[in-house]
$ cat coords26.cif   # mmCIF, C-alpha atoms
data_target
#
loop_
_atom_site.label_atom_id
_atom_site.label_comp_id
_atom_site.auth_asym_id
_atom_site.auth_seq_id
_atom_site.Cartn_x
_atom_site.Cartn_y
_atom_site.Cartn_z
CA MET A 1 -63.49 5.37 -16.16
CA SER A 2 -63.53 9.07 -16.61
CA ILE A 3 -61.41 10.62 -19.26
CA LEU A 4 -59.34 12.31 -16.55
CA LEU A 5 -58.57 9.05 -14.76
CA TYR A 6 -57.77 7.47 -18.08
CA ILE A 7 -55.29 10.19 -18.84
CA ARG A 8 -53.78 9.86 -15.37
CA SER A 9 -53.46 6.11 -15.74
CA ILE A 10 -51.62 6.62 -18.98
CA PHE A 11 -49.14 8.93 -17.25
CA ARG A 12 -48.77 6.52 -14.35
CA LEU A 13 -48.02 3.62 -16.64
CA ARG A 14 -45.57 5.64 -18.63
CA PRO A 15 -43.40 7.64 -16.27
CA SER A 16 -41.26 10.33 -17.81
CA PRO A 17 -37.61 9.59 -18.50
CA ASP A 18 -36.63 11.77 -15.56
CA GLU A 19 -38.98 9.86 -13.29
CA GLN A 20 -37.52 6.57 -14.48
CA VAL A 21 -34.04 7.79 -13.71
CA LEU A 22 -34.99 8.88 -10.23
CA SER A 23 -37.04 5.76 -9.54
CA LEU A 24 -34.10 3.54 -10.44
CA ALA A 25 -31.73 5.62 -8.33
CA ASP A 26 -34.07 5.45 -5.35
CA ALA A 27 -34.61 1.72 -5.79
CA LEU A 28 -30.86 1.11 -6.00
CA GLU A 29 -30.34 3.01 -2.77
CA LEU A 30 -32.86 0.69 -1.13
CA LEU A 31 -31.00 -2.31 -2.52
CA HIS A 32 -27.73 -0.89 -1.20
CA SER A 33 -29.25 -0.41 2.22
CA GLY A 34 -29.56 -4.17 2.49
CA LEU A 35 -33.09 -4.88 1.33
CA ASP A 36 -33.53 -7.78 -1.05
CA LEU A 37 -35.06 -7.30 -4.46
CA GLU A 38 -38.57 -8.36 -3.53
CA ASP A 39 -38.67 -5.99 -0.56
CA VAL A 40 -37.46 -3.13 -2.71
CA LEU A 41 -40.15 -3.80 -5.30
CA LYS A 42 -42.79 -3.68 -2.57
CA GLN A 43 -41.71 -0.13 -1.76
CA VAL A 44 -41.83 1.32 -5.26
CA PRO A 45 -45.05 2.45 -6.99
CA SER A 46 -46.78 -0.56 -8.47
CA GLU A 47 -46.74 0.96 -11.93
CA ASP A 48 -42.92 1.14 -11.76
CA VAL A 49 -42.36 -2.49 -10.81
CA GLU A 50 -42.45 -3.89 -14.28
CA THR A 51 -39.89 -1.37 -15.51
CA LEU A 52 -37.61 -1.48 -12.50
CA LYS A 53 -37.44 -5.20 -11.85
CA PRO A 54 -35.21 -6.14 -14.81
CA LEU A 55 -33.00 -3.10 -14.22
CA LEU A 56 -32.51 -3.95 -10.56
CA LYS A 57 -31.74 -7.54 -11.51
CA MET A 58 -29.17 -6.23 -13.96
CA SER A 59 -27.58 -4.14 -11.21
CA GLN A 60 -27.39 -7.22 -8.99
CA VAL A 61 -25.61 -9.10 -11.76
CA LEU A 62 -23.14 -6.23 -12.10
CA SER A 63 -22.43 -6.22 -8.38
CA PHE A 64 -22.05 -9.98 -8.42
CA ALA A 65 -19.68 -9.84 -11.37
CA ALA A 66 -17.52 -7.29 -9.57
CA SER A 67 -17.50 -9.20 -6.30
CA GLU A 68 -16.44 -12.39 -8.04
CA THR A 69 -13.21 -10.81 -9.22
CA VAL A 70 -10.68 -11.79 -6.58
CA PRO A 71 -7.01 -10.76 -6.59
CA GLU A 72 -4.21 -13.24 -6.10
CA PRO A 73 -3.24 -13.16 -2.40
CA ALA A 74 0.44 -13.05 -3.32
CA PHE A 75 -0.13 -10.01 -5.50
CA GLU A 76 -2.10 -8.24 -2.78
CA ASP A 77 0.53 -8.99 -0.12
CA ASN A 78 3.44 -8.06 -2.35
CA LEU A 79 1.89 -4.77 -3.38
CA ARG A 80 1.08 -3.96 0.23
CA ALA A 81 4.71 -4.47 1.21
CA ARG A 82 5.94 -2.25 -1.61
CA PHE A 83 3.32 0.41 -0.92
CA VAL A 84 4.20 0.63 2.76
CA HIS A 85 7.94 0.46 2.13
CA LYS A 86 7.83 3.19 -0.49
CA GLY A 87 5.75 5.35 1.81
CA LYS A 88 8.12 4.81 4.68
CA THR A 89 11.25 5.56 2.72
CA GLN A 90 9.87 8.51 0.75
CA LEU A 91 7.64 10.18 3.28
CA MET A 92 9.29 9.71 6.64
CA PRO A 93 11.10 12.89 7.67
CA VAL A 94 14.86 12.34 7.61
CA ARG A 95 16.66 13.40 10.72
CA PRO A 96 19.77 12.13 12.49
CA LEU A 97 19.34 9.32 14.94
CA GLN A 98 18.56 10.80 18.33
CA LEU A 99 20.91 9.41 20.94
CA LYS A 100 20.18 9.46 24.64
CA PRO A 101 22.66 11.39 26.81
CA ALA A 102 23.79 8.21 28.52
CA LEU A 103 24.42 6.66 25.14
CA VAL A 104 26.44 9.63 23.99
CA SER A 105 28.60 9.04 27.04
CA THR A 106 29.02 5.40 26.07
CA LEU A 107 29.90 6.46 22.60
CA ALA A 108 32.49 8.88 23.93
CA VAL A 109 34.08 6.09 25.96
CA ALA A 110 34.21 3.91 22.86
CA ALA A 111 35.75 6.71 20.87
CA ALA A 112 38.24 7.42 23.62
CA ALA A 113 39.28 3.79 23.70
CA ILE A 114 39.79 3.76 19.98
CA LEU A 115 41.80 6.96 20.00
CA ALA A 116 43.84 5.63 22.90
CA LEU A 117 44.90 2.73 20.75
CA VAL A 118 46.12 5.14 18.12
CA VAL A 119 48.35 7.11 20.46
CA LEU A 120 49.55 4.19 22.54
CA VAL A 121 53.12 3.14 22.27
CA PRO A 122 52.97 0.00 20.18
CA PHE A 123 53.14 -3.23 22.09
CA ALA A 124 53.65 -5.48 19.16
CA THR A 125 53.96 -9.11 19.83
CA ASP A 126 54.85 -11.94 17.57
CA ARG A 127 52.05 -14.15 18.65
CA SER A 128 50.54 -16.13 15.84
CA THR A 129 46.99 -15.20 14.95
CA ASN A 130 44.41 -17.28 16.76
CA ALA A 131 41.85 -18.90 14.47
CA ASP A 132 38.92 -18.18 16.77
CA VAL A 133 39.79 -14.51 16.92
CA ARG A 134 40.37 -14.30 13.20
CA ASP A 135 37.07 -16.02 12.45
CA GLN A 136 35.17 -13.77 14.79
CA LEU A 137 36.77 -10.66 13.35
CA GLU A 138 35.78 -11.75 9.87
CA GLN A 139 32.28 -12.57 11.06
CA VAL A 140 31.84 -9.08 12.50
CA GLN A 141 33.25 -7.50 9.35
CA ALA A 142 30.81 -9.48 7.19
CA ARG A 143 27.97 -8.48 9.49
CA ILE A 144 28.86 -4.80 9.20
CA ASP A 145 29.08 -5.07 5.43
CA THR A 146 25.66 -6.70 5.28
CA PHE A 147 24.26 -4.06 7.58
CA THR A 148 25.62 -1.28 5.38
CA ASP A 149 24.33 -2.91 2.20
CA LYS A 150 20.87 -3.44 3.62
CA GLN A 151 20.75 0.09 4.88
CA ALA A 152 21.69 1.41 1.43
CA GLY A 153 19.00 -0.75 -0.13
CA GLY A 154 16.34 0.33 2.32
CA GLU A 155 16.01 -3.24 3.55
CA LEU A 156 17.31 -2.83 7.05
CA SER A 157 15.36 -4.73 9.68
CA GLY A 158 15.55 -5.26 13.41
CA GLN A 159 17.20 -8.59 12.76
CA HIS A 160 20.25 -6.87 11.25
CA PHE A 161 20.72 -4.83 14.40
CA GLU A 162 20.37 -7.94 16.54
CA ASP A 163 22.84 -9.90 14.42
CA LEU A 164 25.46 -7.18 14.66
CA GLU A 165 24.88 -6.79 18.37
CA GLU A 166 25.25 -10.52 18.89
CA ASP A 167 28.49 -10.75 16.92
CA LEU A 168 30.01 -7.84 18.80
CA ASP A 169 29.12 -9.65 22.03
CA LYS A 170 30.86 -12.76 20.78
CA LEU A 171 33.89 -10.74 19.82
CA VAL A 172 34.16 -9.37 23.34
CA GLU A 173 33.91 -12.89 24.75
CA THR A 174 36.58 -14.14 22.36
CA MET A 175 38.91 -11.30 23.30
CA LYS A 176 38.60 -12.20 26.98
CA ASP A 177 40.01 -15.65 26.32
CA GLN A 178 42.51 -14.92 23.62
CA PRO A 179 45.48 -12.56 23.64
CA LEU A 180 45.44 -10.27 20.62
CA THR A 181 48.27 -9.26 18.39
CA GLU A 182 48.76 -5.62 17.57
CA VAL A 183 47.25 -6.17 14.15
CA GLU A 184 44.21 -7.83 15.68
CA GLN A 185 43.75 -5.03 18.14
CA ALA A 186 43.89 -2.52 15.33
CA ARG A 187 41.31 -4.51 13.47
CA VAL A 188 39.06 -4.66 16.53
CA ARG A 189 39.40 -0.92 16.81
CA SER A 190 38.39 -0.56 13.20
CA LEU A 191 35.39 -2.84 13.62
CA ALA A 192 34.19 -0.92 16.66
CA GLU A 193 34.52 2.27 14.68
CA GLN A 194 32.70 0.86 11.67
CA SER A 195 29.89 -0.48 13.85
CA VAL A 196 29.29 2.87 15.52
CA LYS A 197 29.49 4.66 12.20
CA ALA A 198 27.08 2.26 10.46
CA VAL A 199 24.34 2.48 13.05
CA SER A 200 24.85 6.20 13.56
CA GLU A 201 24.01 6.74 9.91
CA VAL A 202 20.65 5.08 10.30
CA VAL A 203 18.02 7.77 10.25
CA SER A 204 14.71 6.92 11.73
CA THR A 205 11.96 8.26 13.91
CA ASP A 206 11.07 4.73 14.89
CA GLU A 207 11.73 4.25 18.58
CA GLU A 208 12.49 0.55 18.15
CA VAL A 209 15.12 1.30 15.53
CA SER A 210 16.70 3.92 17.75
CA GLU A 211 16.86 1.47 20.64
CA ALA A 212 18.35 -1.21 18.42
CA ALA A 213 20.98 1.24 17.18
CA GLU A 214 21.78 2.22 20.75
CA ALA A 215 22.24 -1.45 21.68
CA VAL A 216 24.75 -1.93 18.88
CA ILE A 217 26.65 1.19 19.88
CA GLU A 218 26.81 -0.06 23.46
CA ARG A 219 28.28 -3.34 22.22
CA ALA A 220 30.81 -1.42 20.14
CA GLY A 221 31.73 0.44 23.32
CA ALA A 222 32.19 -2.89 25.08
CA VAL A 223 34.44 -4.07 22.27
CA ALA A 224 36.56 -0.95 22.57
CA ALA A 225 36.72 -1.40 26.35
CA ALA A 226 37.83 -4.98 25.89
CA VAL A 227 40.63 -3.78 23.64
CA ASN A 228 41.65 -1.38 26.38
CA ASP A 229 41.68 -4.19 28.93
CA ALA A 230 43.86 -6.28 26.68
CA GLU A 231 46.15 -3.34 26.21
CA ASP A 232 46.35 -2.74 29.99
CA GLU A 233 47.33 -6.31 30.62
CA GLN A 234 49.99 -6.17 27.97
CA SER A 235 51.26 -2.82 29.22
CA GLU A 236 51.71 -4.26 32.70
CA SER A 237 53.62 -7.22 31.36
CA SER A 238 55.87 -5.06 29.20
CA SER A 239 57.61 -2.91 31.85
CA GLY A 240 55.00 -0.18 31.86
CA GLU A 241 55.71 1.00 28.39
CA GLY A 242 53.80 4.27 27.79
CA ASP A 243 50.91 5.78 29.75
CA GLY A 244 48.36 5.83 26.95
CA SER A 245 45.62 4.09 28.86
CA SER A 246 44.77 7.35 30.54
CA SER A 247 45.96 9.72 27.89
CA VAL A 248 42.55 10.29 26.34
CA GLY A 249 39.63 11.23 28.51
CA ALA A 250 35.95 10.47 28.14
CA ASP A 251 35.52 13.79 26.46
CA GLY A 252 37.51 12.48 23.55
CA GLY A 253 34.52 12.87 21.28
CA GLY A 254 31.51 11.13 19.90
CA VAL A 255 30.89 9.99 16.41
CA THR A 256 32.81 12.93 15.06
CA ALA A 257 35.91 11.97 17.03
CA ILE A 258 35.72 8.48 15.64
CA GLU A 259 35.39 9.72 12.11
CA GLU A 260 38.41 11.97 12.60
CA ASP A 261 40.47 8.98 13.59
CA MET B 1 -23.40 -4.36 -4.21
CA SER B 2 -22.63 -4.68 -0.55
CA PRO B 3 -25.07 -3.51 2.09
CA SER B 4 -22.40 -1.27 3.57
CA LEU B 5 -22.45 1.19 0.73
CA ASP B 6 -23.25 4.11 2.99
CA GLU B 7 -19.92 3.56 4.69
CA ASP B 8 -17.90 3.62 1.48
CA LEU B 9 -15.34 6.41 1.47
CA ASN B 10 -16.54 7.08 4.98
CA PRO B 11 -14.54 4.46 6.84
CA GLN B 12 -14.87 3.57 10.47
CA PHE B 13 -11.42 4.93 11.27
CA ASP B 14 -10.68 8.65 11.41
CA GLU B 15 -9.50 9.02 7.84
CA ARG B 16 -8.07 12.48 8.30
CA VAL B 17 -5.85 11.33 11.16
CA ILE B 18 -4.79 8.25 9.23
CA VAL B 19 -4.06 10.14 6.01
CA GLU B 20 -2.02 12.77 7.85
CA ALA B 21 0.00 10.04 9.55
CA ALA B 22 0.49 8.29 6.22
CA GLN B 23 1.72 11.56 4.72
CA LYS B 24 4.54 11.41 7.27
CA GLY B 25 5.43 7.85 6.34
CA ASP B 26 3.71 6.10 9.22
CA THR B 27 3.69 2.45 8.17
CA ASP B 28 0.64 1.53 10.23
CA ALA B 29 -1.36 4.33 8.65
CA LEU B 30 -0.20 3.36 5.17
CA GLY B 31 -1.22 -0.21 5.90
CA ILE B 32 -4.69 0.87 7.05
CA LEU B 33 -5.25 2.91 3.90
CA TYR B 34 -4.06 0.05 1.75
CA GLU B 35 -6.34 -2.48 3.45
CA TYR B 36 -9.29 -0.17 3.04
CA TYR B 37 -8.81 0.88 -0.55
CA PHE B 38 -7.21 -2.17 -2.15
CA PRO B 39 -10.37 -4.29 -2.58
CA ARG B 40 -12.36 -1.33 -3.88
CA ILE B 41 -9.66 -0.27 -6.31
CA PHE B 42 -9.14 -3.82 -7.49
CA ARG B 43 -12.84 -4.36 -8.20
CA PHE B 44 -13.10 -0.97 -9.88
CA VAL B 45 -10.21 -1.81 -12.20
CA SER B 46 -11.42 -5.34 -12.83
CA VAL B 47 -14.77 -4.07 -14.05
CA ARG B 48 -12.96 -1.91 -16.61
CA VAL B 49 -10.19 -4.31 -17.64
CA PHE B 50 -10.59 -7.88 -18.77
CA GLN B 51 -7.26 -9.51 -18.18
CA GLN B 52 -6.29 -10.18 -14.58
CA GLU B 53 -2.65 -9.43 -15.42
CA ASP B 54 -3.60 -6.04 -16.82
CA ALA B 55 -5.75 -5.33 -13.79
CA GLU B 56 -2.85 -6.17 -11.47
CA ASP B 57 -0.47 -3.96 -13.42
CA ILE B 58 -2.88 -1.06 -13.25
CA VAL B 59 -3.65 -1.56 -9.55
CA ASN B 60 0.08 -1.64 -8.90
CA ASP B 61 0.57 1.64 -10.75
CA ILE B 62 -2.36 3.20 -8.90
CA PHE B 63 -0.96 2.43 -5.47
CA MET B 64 2.51 3.56 -6.44
CA ARG B 65 1.03 6.85 -7.64
CA ILE B 66 -0.99 7.21 -4.47
CA VAL B 67 2.05 6.79 -2.26
CA SER B 68 4.17 9.05 -4.47
CA ASN B 69 1.61 11.85 -4.37
CA ILE B 70 -0.08 11.45 -1.01
CA SER B 71 2.06 14.18 0.52
CA ARG B 72 0.47 16.64 -1.92
CA PHE B 73 -3.09 15.76 -0.95
CA ARG B 74 -4.84 18.57 0.92
CA TRP B 75 -8.15 18.47 2.72
CA GLU B 76 -9.79 20.99 0.45
CA GLY B 77 -13.09 20.16 -1.22
CA ALA B 78 -13.05 16.54 -2.27
CA PRO B 79 -12.53 13.79 0.30
CA PHE B 80 -9.47 11.57 0.23
CA GLY B 81 -11.42 8.71 -1.35
CA ALA B 82 -12.42 10.88 -4.29
CA TRP B 83 -8.76 11.79 -4.77
CA VAL B 84 -7.83 8.10 -4.70
CA PHE B 85 -10.42 7.12 -7.24
CA ARG B 86 -9.50 9.96 -9.56
CA ILE B 87 -6.01 8.54 -9.65
CA ALA B 88 -7.47 5.08 -10.25
CA ARG B 89 -9.70 6.29 -13.05
CA ASN B 90 -6.85 8.19 -14.72
CA GLU B 91 -4.65 5.11 -14.63
CA VAL B 92 -7.38 2.99 -16.17
CA VAL B 93 -8.00 5.57 -18.88
CA ASN B 94 -4.27 5.80 -19.60
CA HIS B 95 -4.04 2.03 -19.83
CA ILE B 96 -6.96 1.82 -22.21
CA ARG B 97 -5.51 4.62 -24.29
CA ARG B 98 -2.15 2.86 -24.49
CA SER B 99 -3.73 -0.38 -25.57
CA SER B 100 -6.30 1.21 -27.86
CA ARG B 101 -4.53 -0.07 -30.94
CA GLN B 102 -4.96 -3.66 -29.83
CA LEU B 103 -8.53 -3.00 -28.83
CA GLN B 104 -9.27 -1.66 -32.29
CA LYS B 105 -7.79 -4.73 -33.87
CA GLU B 106 -9.62 -7.07 -31.54
CA PRO B 107 -12.88 -5.34 -30.64
CA LEU B 108 -14.35 -6.26 -27.30
CA PHE B 109 -17.70 -6.27 -29.03
CA ASP B 110 -16.73 -9.54 -30.66
CA SER B 111 -17.16 -11.24 -27.34
CA ILE B 112 -20.71 -10.00 -26.97
CA PRO B 113 -23.13 -12.57 -28.33
CA ASP B 114 -26.09 -11.79 -30.52
CA GLU B 115 -28.36 -9.36 -28.70
CA LYS B 116 -31.49 -11.08 -30.02
CA ARG B 117 -30.72 -14.22 -28.13
CA ASP B 118 -32.16 -14.68 -24.65
CA HIS B 119 -29.09 -15.15 -22.48
CA VAL B 120 -30.80 -15.44 -19.13
CA GLY B 121 -30.34 -19.16 -19.15
CA ASP B 122 -26.65 -18.76 -19.93
CA LEU B 123 -25.79 -16.72 -16.90
CA GLU B 124 -23.72 -19.40 -15.26
CA LYS B 125 -20.81 -18.06 -13.30
CA GLU B 126 -17.62 -17.58 -15.28
CA GLU B 127 -19.05 -17.34 -18.73
CA ALA B 128 -21.79 -15.09 -17.52
CA LEU B 129 -19.35 -12.86 -15.70
CA GLU B 130 -17.16 -12.53 -18.74
CA TYR B 131 -20.21 -11.79 -20.75
CA VAL B 132 -21.36 -9.04 -18.40
CA ARG B 133 -17.87 -7.52 -18.37
CA ALA B 134 -17.75 -7.55 -22.14
CA ALA B 135 -21.15 -5.91 -22.27
CA SER B 136 -19.98 -3.24 -19.83
CA ALA B 137 -16.97 -2.58 -22.00
CA SER B 138 -19.24 -1.79 -24.90
CA LEU B 139 -20.77 1.15 -23.05
CA PRO B 140 -19.71 4.75 -23.71
CA ALA B 141 -16.80 5.83 -21.48
CA ALA B 142 -18.84 7.98 -19.11
CA GLN B 143 -21.31 5.17 -18.52
CA ARG B 144 -18.50 2.68 -18.00
CA ASP B 145 -16.97 4.96 -15.38
CA VAL B 146 -20.24 5.17 -13.51
CA ILE B 147 -20.81 1.41 -13.62
CA ALA B 148 -17.26 0.70 -12.46
CA LEU B 149 -17.46 3.16 -9.59
CA ARG B 150 -20.99 2.30 -8.52
CA PHE B 151 -20.85 -1.48 -8.85
CA GLY B 152 -17.12 -2.18 -8.83
CA ALA B 153 -15.92 0.21 -6.15
CA ASP B 154 -19.30 0.34 -4.38
CA LEU B 155 -19.39 4.12 -4.31
CA SER B 156 -22.62 6.00 -3.75
CA VAL B 157 -24.09 8.37 -6.29
CA ALA B 158 -22.72 11.35 -4.38
CA GLU B 159 -19.22 9.85 -4.15
CA THR B 160 -19.23 8.88 -7.80
CA ALA B 161 -20.21 12.44 -8.65
CA LYS B 162 -17.23 13.79 -6.68
CA VAL B 163 -14.81 11.41 -8.34
CA LEU B 164 -16.00 12.20 -11.84
CA GLY B 165 -16.64 15.89 -11.24
CA LYS B 166 -20.27 15.66 -12.28
CA THR B 167 -23.56 16.42 -10.58
CA GLU B 168 -25.48 13.70 -8.82
CA ASN B 169 -28.25 14.05 -11.38
CA ASN B 170 -25.71 13.44 -14.16
CA ILE B 171 -24.62 10.28 -12.42
CA LYS B 172 -28.18 9.05 -12.02
CA VAL B 173 -28.88 9.63 -15.70
CA LEU B 174 -25.68 7.88 -16.78
CA GLN B 175 -26.40 5.04 -14.40
CA HIS B 176 -29.88 4.60 -15.79
CA LYS B 177 -28.75 4.68 -19.39
CA ALA B 178 -25.98 2.19 -18.69
CA ILE B 179 -28.19 -0.30 -16.90
CA VAL B 180 -30.93 -0.06 -19.52
CA ARG B 181 -28.35 -0.62 -22.24
CA LEU B 182 -26.76 -3.56 -20.44
CA ARG B 183 -30.14 -5.09 -19.81
CA GLU B 184 -30.89 -4.85 -23.52
CA ILE B 185 -27.66 -6.64 -24.30
CA VAL B 186 -27.93 -9.28 -21.63
CA LYS B 187 -31.69 -9.69 -22.03
CA LEU B 188 -32.31 -10.11 -18.35
#

$ encode --input "coords26.cif" --output "structure tokens"
Amino acid sequence: MSILLYIRSIFRLRPSPDEQVLSLADALELLHSGLDLEDVLKQVPSEDVETLKPLLKMSQVLSFAASETVPEPAFEDNLRARFVHKGKTQLMPVRPLQLKPALVSTLAVAAAAILALVVLVPFATDRSTNADVRDQLEQVQARIDTFTDKQAGGELSGQHFEDLEEDLDKLVETMKDQPLTEVEQARVRSLAEQSVKAVSEVVSTDEEVSEAAEAVIERAGAVAAAVNDAEDEQSESSSGEGDGSSSVGADGGGVTAIEED
Amino acid sequence: MSPSLDEDLNPQFDERVIVEAAQKGDTDALGILYEYYFPRIFRFVSVRVFQQEDAEDIVNDIFMRIVSNISRFRWEGAPFGAWVFRIARNEVVNHIRRSSRQLQKEPLFDSIPDEKRDHVGDLEKEEALEYVRAASASLPAAQRDVIALRFGADLSVAETAKVLGKTENNIKVLQHKAIVRLREIVKL
């Protein structure tokens, strides 16, 4: 062997620190690309194999150690829920619920019905309070309270809209079968007002939420209409006392009119 | 390390679109970001922190910080992933700083067995993993960061450089030093 080759072989066997750094980095990239260790070693200079092999094995152990660390599923799910919820509540632009024109009309009718009750000549009766009506009124009140609490806590879901909608439906059905006292009618009026107010305060860009809110407001309108019907029937049977049923038109207002009540 | 390293911080979805939607509170976008980054963040933290409870606390804080600050992120210079991992690294550093008193009282080095012993035969799952983690913890901070990002979070050299604000050559040198040192400890 010539002295020159001897010198070269020495340099080949002992790569510089910089060369070692780069060789390892290149070999790791090959490992990362999906090659197994033996295939990677076939692609590096033979004089580097002895140095690189234990380092690449070490890197595989490190990767294995990291991959073996698994989070608790409950922790992962819980954090996901909080992350998304916080993002939704903090980042979503706040704007008033957008109501469709037709819905605004419905709302106006509901408001008109409520205001009509206020200006109507009282038609008090001494009927005893019916248990079904009382229970349903309390059920709706509880549902509104829950809705308001959940909204304040940022925990409002579609189910809360559906529950309120369903209870308002039941209230309308109950009112069809049962005559209401003046007190009960006032309470129905209040519940309709509270329902409209509660869902109107929900701010969301979510189309599903808007639709759910609209559905509740429609039911509140139906409740108010049912009160009007009951009032009409009682007006007819009480010598036509007052003309309030037509005293307030559909332009009686929207949410604002209700709040001014 | 997974074979999909080249795709790290370069996800299949259009990250810019997803991040901009998340910045407006879009729950689907937030969910996508979470699903993508959670496993990487968790592994990154777990490489740096021993106790699972501590790791969970830190990961929790990281994601809360991400969602609190995501509206301030701007597409200028570093990619979103680098921004995320800077937050992660800062949280880990803060945690270690807070608990430094305990660490001084109970040095992690105690858990590293005698270096002269050949431990290859001992590398059996749990004990071996704990051993490797303890060895990693004995590295200087810069080397630990590189190991955690490269082998915990599966970031490339270039991505690790962006997260740590160093050159790629710096990262390669730190990586080499760390692996050589770990190999000396573990005697692989």

$ residues_near_point --input "coords26.cif" --point "(-9.8, 14.4, 1.8)" --cutoff "12 Å" --atoms "only C-alpha atoms" --output "list in words"
Leu9, Asn10, Asp14, Glu15, Arg16, Val17, Ile18, Val19, Glu20, Ile70, Ser71, Arg72, Phe73, Arg74, Trp75, Glu76, Gly77, Ala78, Pro79, Phe80, Gly81, Ala82, Trp83, Val84, Phe85, Lys162 and Val163 of chain B

$ atom_distance --input "coords26.cif" --atom1 "CA of Phe42 in chain B" --atom2 "CA of Glu76 in chain A"
9.6 Å

$ closest_residue --input "coords26.cif" --among "B:Thr167, B:Asn60, B:Gln12, B:Ser136" --to "Arg183 in chain B" --atoms "all atoms listed in the file"
B:Ser136

$ atom_distance --input "coords26.cif" --atom1 "CA of Ala158 in chain B" --atom2 "CA of Gly34 in chain A"
18.3 Å

$ closest_atom_pairs --input "coords26.cif" --of "chain B" --to "chain A" --cutoff "7 Å" --atoms "only C-alpha atoms" --output "Markdown table"
| residue | atom | partner | partner_atom | distance |
| --- | --- | --- | --- | --- |
| B:Met1 | CA | A:Ser63 | CA | 4.7 |
| B:Ser2 | CA | A:His32 | CA | 6.4 |
| B:Pro3 | CA | A:Gly34 | CA | 4.6 |
| B:Leu5 | CA | A:His32 | CA | 6.0 |
| B:Gln23 | CA | A:Leu91 | CA | 6.2 |
| B:Lys24 | CA | A:Met92 | CA | 5.1 |
| B:Gly25 | CA | A:Met92 | CA | 4.3 |
| B:Asp26 | CA | A:Lys88 | CA | 6.5 |
| B:Thr27 | CA | A:Val84 | CA | 5.7 |
| B:Leu30 | CA | A:Val84 | CA | 5.7 |
| B:Gly31 | CA | A:Val84 | CA | 6.3 |
| B:Tyr34 | CA | A:Arg80 | CA | 6.7 |
| B:Arg43 | CA | A:Ala66 | CA | 5.7 |
| B:Ser46 | CA | A:Thr69 | CA | 6.8 |
| B:Val47 | CA | A:Ala66 | CA | 6.2 |
| B:Asn60 | CA | A:Leu79 | CA | 6.6 |
| B:Phe63 | CA | A:Phe83 | CA | 6.6 |
| B:Met64 | CA | A:Phe83 | CA | 6.4 |
| B:Val67 | CA | A:Gly87 | CA | 5.7 |
| B:Leu129 | CA | A:Ala65 | CA | 5.3 |
| B:Phe151 | CA | A:Ser63 | CA | 5.0 |
| B:Gly152 | CA | A:Ala66 | CA | 5.2 |
| B:Lys172 | CA | A:Ala25 | CA | 6.2 |
| B:Val173 | CA | A:Val21 | CA | 5.8 |
| B:His176 | CA | A:Val21 | CA | 5.6 |
| B:Ile179 | CA | A:Leu55 | CA | 6.2 |
| B:Val180 | CA | A:Leu55 | CA | 6.5 |
| B:Arg183 | CA | A:Met58 | CA | 6.0 |
| B:Leu188 | CA | A:Pro54 | CA | 6.1 |

$ atom_distance --input "coords26.cif" --atom1 "CA of Phe13 in chain B" --atom2 "CA of Arg65 in chain B"
22.7 Å

$ resolve_selection --input "coords26.cif" --expression "the PyMOL selection byres ((chain A and resi 167) around 10)" --output "PyMOL selection string"
chain A and resi 136-137+139-141+143-144+162-166+168-173+216+219

$ write_last_selection --input "coords26.cif" --atoms "C-alpha atoms" --output "PDB file, in the coordinates of the input"
ATOM      1  CA  GLN A 136      35.170 -13.770  14.790  1.00  0.00           C
ATOM      2  CA  LEU A 137      36.770 -10.660  13.350  1.00  0.00           C
ATOM      3  CA  GLN A 139      32.280 -12.570  11.060  1.00  0.00           C
ATOM      4  CA  VAL A 140      31.840  -9.080  12.500  1.00  0.00           C
ATOM      5  CA  GLN A 141      33.250  -7.500   9.350  1.00  0.00           C
ATOM      6  CA  ARG A 143      27.970  -8.480   9.490  1.00  0.00           C
ATOM      7  CA  ILE A 144      28.860  -4.800   9.200  1.00  0.00           C
ATOM      8  CA  GLU A 162      20.370  -7.940  16.540  1.00  0.00           C
ATOM      9  CA  ASP A 163      22.840  -9.900  14.420  1.00  0.00           C
ATOM     10  CA  LEU A 164      25.460  -7.180  14.660  1.00  0.00           C
ATOM     11  CA  GLU A 165      24.880  -6.790  18.370  1.00  0.00           C
ATOM     12  CA  GLU A 166      25.250 -10.520  18.890  1.00  0.00           C
ATOM     13  CA  LEU A 168      30.010  -7.840  18.800  1.00  0.00           C
ATOM     14  CA  ASP A 169      29.120  -9.650  22.030  1.00  0.00           C
ATOM     15  CA  LYS A 170      30.860 -12.760  20.780  1.00  0.00           C
ATOM     16  CA  LEU A 171      33.890 -10.740  19.820  1.00  0.00           C
ATOM     17  CA  VAL A 172      34.160  -9.370  23.340  1.00  0.00           C
ATOM     18  CA  GLU A 173      33.910 -12.890  24.750  1.00  0.00           C
ATOM     19  CA  VAL A 216      24.750  -1.930  18.880  1.00  0.00           C
ATOM     20  CA  ARG A 219      28.280  -3.340  22.220  1.00  0.00           C
TER      21      ARG A 219
END

$ residues_around --input "coords26.cif" --residues "Leu164 in chain B" --least-positions-apart "3" --cutoff "8 Å" --atoms "all atoms listed in the file" --output "list of chain:residue names"
B:Arg86, B:Thr160, B:Ala161

$ resolve_selection --input "coords26.cif" --expression "the PyMOL selection byres ((chain A and resi 189) around 8)" --output "list in words"
Ile114, Leu117, Gln185, Ala186, Arg187, Val188, Ser190, Leu191, Ala192, Glu193, Ala224 and Val227 of chain A

$ residues_around --input "coords26.cif" --residues "range 154-157 of chain A" --least-positions-apart "2" --cutoff "10 Å" --atoms "all atoms listed in the file" --output "PyMOL selection string"
chain A and resi 85-86+88-89+146-152+159-162+202+209+212
